[in-house]
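**Student:** Structure incoming, see below.
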Amino acid sequence: MILALRIILTLGHLLSFSALSVSGADVSSTAVASTSARSVTTCGAHPTGASKAPAGAVVVDLTNSTTGAVSSLSAALASLPSDSSCQTIFIMPGTYVEQVTVDRPGQTVIIGYTTEEPGRGYSGNQVTVSYSRGLSVSPLPVGHSDSETAVISTASSNIAFYNIDFINTENLNGTIANYVTLAGSTYGNHIGFYGCSLVGWQDTLLTGSTNGYQYYESCYIEGAIDFIWGYSAAYFKGCTIAAKRKSSCITAHSRKDDSGVGVYVFDQCLVTAAAGYASALKSGVYLGRPYSAYAKVVYKNSYLDSIVQPIGWKNWSATDPRIDHVTFAEFNNTGPGNWQNNAAARRSFGHATLLTSDNYPLSSVMDSTSWIDSTYSDSINVPAGLPASRISTRSSTNPTDSSSSTTSIVGLSEANSTVPADGDYIVSKSPIKDKTVYSSFTAVIAAIQGISSKQVVTVFIYPGVYQEQIVFNRSGTTIFRGYSEDPSNYAQNQVILQNSHGVDTQADQSNSDSATLYSRAKYLQLYNINLSNIFGQTHNYASLGFASGNNGYTSFYGCQITGNQDTFDLNTGTSVFAYNTLVQGSIDFIWGAGSAYFLNSTLVPNTDGGSIAAMKRASSTEPAGLVFDQCTITSVQTVSAGSIYLGRPYNNYSRVAYINTYLDKSIAAAGWSVWSKTDPRTSGILFGEYHNHGPGATTSKRAAFSQQLSDADAAQFQLAYFFANQGTSWIDMTYVKTAPFSAGSIQPPNT
């Protein structure tokens, strides 16, 4: 007979179950929570706890250590009665490798073990349901559909999930093109996910029912291409939406016509890059594109970080735009990717709207709200800082599995300071048991050079002083992460790349040749690494800590770059972002023709009479320049008061701005210097200051060719505008704890 409860169970070699008949199931023999280990929760109500099973729940335990428990979620579902009763399943910690479909007449509540309050968030989740299955859709094979790849599927209504990570481990890094890998396929009505994670690549989450309503609260959803897609009305509250492919879209929504109930609303969400992908998203990520001409998607009260493409939205394709009747709207969002920071680009799309009021409250989007667990909804804040999870591969927790690996979500802090993540290349002065280790930067660079540019490569470096001079050239995204017990404090860095080399500036040589690290890479990120050139202060000799070239993008987080003359070199066409980073030098120690934005960083002049910046541009319209936002200038003790200049013009188009920065007593009263007395080069420069403070910030004797910026003048130096041509998606804003300035929002200092 055709069962009222259909269980799709495809476990491969890990687990071996046959289809279980529900007709006449002996529920009394099914494992339920014992009275000695239970929490009191009425079925369908908010769970009172998720570290032990509610009374009457069917218990799932992979280890078989719970008396009477079943060992898979599918077996637990098969044991439930095919009737209208409300039933609860509680899953003990572990990784369960299976495909599961929920399809029964009554309400079903499935709770995963968590160390947090149930539904509050996903960082304490201890239960993973994973499977590896994909489908090529170029073209889609006859008789097949995307949904058959889903790890979790719903085919009935009134289903709630708490604190479970659903991960499709097939093609997680997108190696296979045009290949869908769903984590969730949700059909039916009144489907809720609370504190869950859904992770895949293409088409991660399908909202399949054209008349269904779904609710996602405090969840993590990760994918690359159209990774939230379908037809339903779905409301995402306080979720982290993590992208991992440039030039692709988060959503692809569809309605048959204007009367369809379907809509996606993202409320108090964080739109960001998945861990390890921030710098790879140079072209940006689109908020959505229309799967049909009546697509309807709204982002409100959310933080849109720098991965968002300035135009925001996208046609379905150049030949099939599908935009005649779309509703793409935004309201009250913040972050560098919001409408206000990209207004001209947003308006140029022509089919999106900036709302002046919230037209999409939960009550108007859903058919009703009585089925939604609103225990925490009023206390939700927009997720901030790091995405609270990342994907790493580890051995299966099932002792019977000797040949496969599974994927789980673990805290990012596990990989960002003292321990390398799985898949990282490792540099160490000493051997490490059972690990492939490279003894130097030079050795590891040789090992990664041949890796495809499509792959993000992370190198983790253990403590030590590495006496090397490096020229690095790789077209893909590369991350160098130094060991640190306190990543927010660069003074505690324990990885030092050191070189002693100078170049005669009066000879026919490139100053970049002296650099400790000369990056010609396309995308490079450095965390908690010191770049030091100890050549010394020989007159007319450049001794660089860092140089950039080849139109590359480099970002620094918690680093130190020290040298003397010309410490930090930006060649034409390069772009640099530095956060919480120290730069020390003597003469023109931040210089060049590229673009650099220093945020909450420290500048340390170490010799009397020098200038910090010496910037040049090819023309007055070139977007190059230097911005110092909320930085601190603090000279070494031997530097005399009033002896340091903020900058001098390398040519007549120099462009430098200090914003809300502390200027110590070393800064000269004039603030700025000419190039030389006989060759001033000041005719077309922009040397600007905006609301600086400290003993060196007094403006009464400032050089006549400098200016105190108005709000309108300063706007060009806001992060999104300053990097308007390059975009900001290559910057890992998830590590940035200081908000870049916004013109007009800074209170002038009391003077």
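Simple scheme: letters A, B, ... for chains in structure tokens order, numbers from 1 for residues in each chain, numbers from 1 for ligands in the order shown.
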Please extract the residues of segment 323-564 of chain A with a backbone DSSP assignment of alpha helix (DSSP H) and present them as a list of chain:residue names.

**Tutor:**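 Reading the DSSP output for segment 323-564 of chain A, alpha helix (DSSP H) covers A:Ala343, A:Ala344, A:Ala345, A:Arg346, A:Arg347, A:Ser348, A:Phe349, A:Leu362, A:Ser363, A:Ser364, A:Val365, A:Phe441, A:Thr442, A:Ala443, A:Val444, A:Ile445, A:Ala446, A:Ala447, A:Ile448.
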
**Student:** Just C-alpha atoms for this one: save the residues we selected as an mmCIF file, in the first residue's frame.

**Tutor:**
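File written: result.cif
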data_model
loop_
_atom_site.group_PDB
_atom_site.id
_atom_site.type_symbol
_atom_site.label_atom_id
_atom_site.label_comp_id
_atom_site.auth_asym_id
_atom_site.auth_seq_id
_atom_site.Cartn_x
_atom_site.Cartn_y
_atom_site.Cartn_z
ATOM 1 C CA ALA A 343 22.061 55.343 -4.322
ATOM 2 C CA ALA A 344 23.144 56.191 -7.853
ATOM 3 C CA ALA A 345 23.855 52.570 -8.724
ATOM 4 C CA ARG A 346 20.596 51.359 -7.143
ATOM 5 C CA ARG A 347 18.554 53.896 -9.087
ATOM 6 C CA SER A 348 20.279 52.890 -12.311
ATOM 7 C CA PHE A 349 18.743 49.406 -12.069
ATOM 8 C CA LEU A 362 5.092 39.901 9.541
ATOM 9 C CA SER A 363 1.342 40.092 10.052
ATOM 10 C CA SER A 364 0.740 41.197 6.463
ATOM 11 C CA VAL A 365 3.131 38.708 4.901
ATOM 12 C CA PHE A 441 56.830 31.248 3.492
ATOM 13 C CA THR A 442 58.901 30.494 0.395
ATOM 14 C CA ALA A 443 58.189 26.776 0.621
ATOM 15 C CA VAL A 444 54.451 27.097 1.121
ATOM 16 C CA ILE A 445 54.135 29.640 -1.689
ATOM 17 C CA ALA A 446 55.804 27.191 -4.050
ATOM 18 C CA ALA A 447 53.287 24.554 -2.963
ATOM 19 C CA ILE A 448 50.191 26.672 -3.615
#

**Student:** I'd like the neighbourhood of Ser745 of chain A as a PyMOL selection string, where a residue qualifies if any of its atoms comes within 12 Å (using only C-alpha atoms), though same-chain residues fewer than 3 positions away should be ignored.

**Tutor:** chain A and resi 659-660+690-691+710-712+714-715+718+739-742+748

**Student:** Quick one: pick out all strand (DSSP E or B) residues within segment 377-613 of chain A from a backbone DSSP run and write them as a ChimeraX atom specification.

**Tutor:** /A:390-395,405-410,425-427,437-438,457-461,464-467,470-472,477-482,495-499,503-504,517-519,523-527,530-533,541-542,546-548,553-557,560-562,568-570,575-579,582-585,590-592,595-599,602-605,611-613

**Student:** Which of these residues is nearest to Val627 of chain A, using only C-alpha atoms: A:Val656, A:Ala578, A:Ala703, A:Val604?

**Tutor:**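 Ranked by minimum distance to Val627 of chain A, first place goes to A:Val656.
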
**Student:** Contacts of segment 569-575 of chain A at 6 Å or less, counting only C-alpha atoms, minus same-chain residues fewer than 4 places along, as a PyMOL selection string?

**Tutor:** chain A and resi 547-549+551-553+591-596

**Student:** In Å to one decimal, how far is atom CA of Ser620 of chain A from atom CA of Glu689 of chain A?

**Tutor:**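 The value is 18.6 Å.
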
**Student:** Applying 7 Å and only C-alpha atoms, which residues near Asn511 of chain A remain after dropping the ones on its own chain fewer than 6 positions away? List them as a list in words.

**Tutor:**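 Those residues are Val503, Thr505 and Ala542 of chain A.
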
**Student:** Give me a file of those residues, with N, CA and C atoms, as a short mmCIF file (atom, residue, chain, number, x, y, z; two decimals), in the first residue's frame.

**Tutor:**
data_model
loop_
_atom_site.label_atom_id
_atom_site.label_comp_id
_atom_site.auth_asym_id
_atom_site.auth_seq_id
_atom_site.Cartn_x
_atom_site.Cartn_y
_atom_site.Cartn_z
N VAL A 503 67.28 49.91 -0.97
CA VAL A 503 67.48 50.27 -2.37
C VAL A 503 67.86 51.74 -2.45
N THR A 505 67.67 55.18 -3.60
CA THR A 505 66.61 55.90 -4.31
C THR A 505 67.16 56.80 -5.41
N ALA A 542 65.69 53.40 0.41
CA ALA A 542 64.35 52.93 0.74
C ALA A 542 64.44 51.55 1.38
#

**Student:** Just the residues within 12 Å of Ser197 of chain A, please, counting only C-alpha atoms, with nothing from its chain fewer than 3 positions along; format it as an MDAnalysis selection string.

**Tutor:** chainID A and resid 112 119 121:130 151:152 161:168 183:184 193:194 200 204:205 216:223 239:242 387:391 408:410

**Student:** Select, from A:Ser374, A:Thr418, A:Thr334, A:Ser510, the residue with the minimum atom-to-atom distance to Gly482 of chain A, counting only C-alpha atoms.

**Tutor:**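 Ranked by minimum distance to Gly482 of chain A, first place goes to A:Thr418.
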
**Student:** Report as a list of chain:residue names all protein, DNA and RNA residues lying within 8 Å of Ala76 of chain A, evaluated on only C-alpha atoms, omitting residues in the same chain fewer than 3 positions from it.

**Tutor:**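 Neighbouring residues, sequence-local ones excluded: A:Val58, A:Val59, A:Val60, A:Val70, A:Ser72, A:Leu73, A:Ser79, A:Leu80, A:Ile89.
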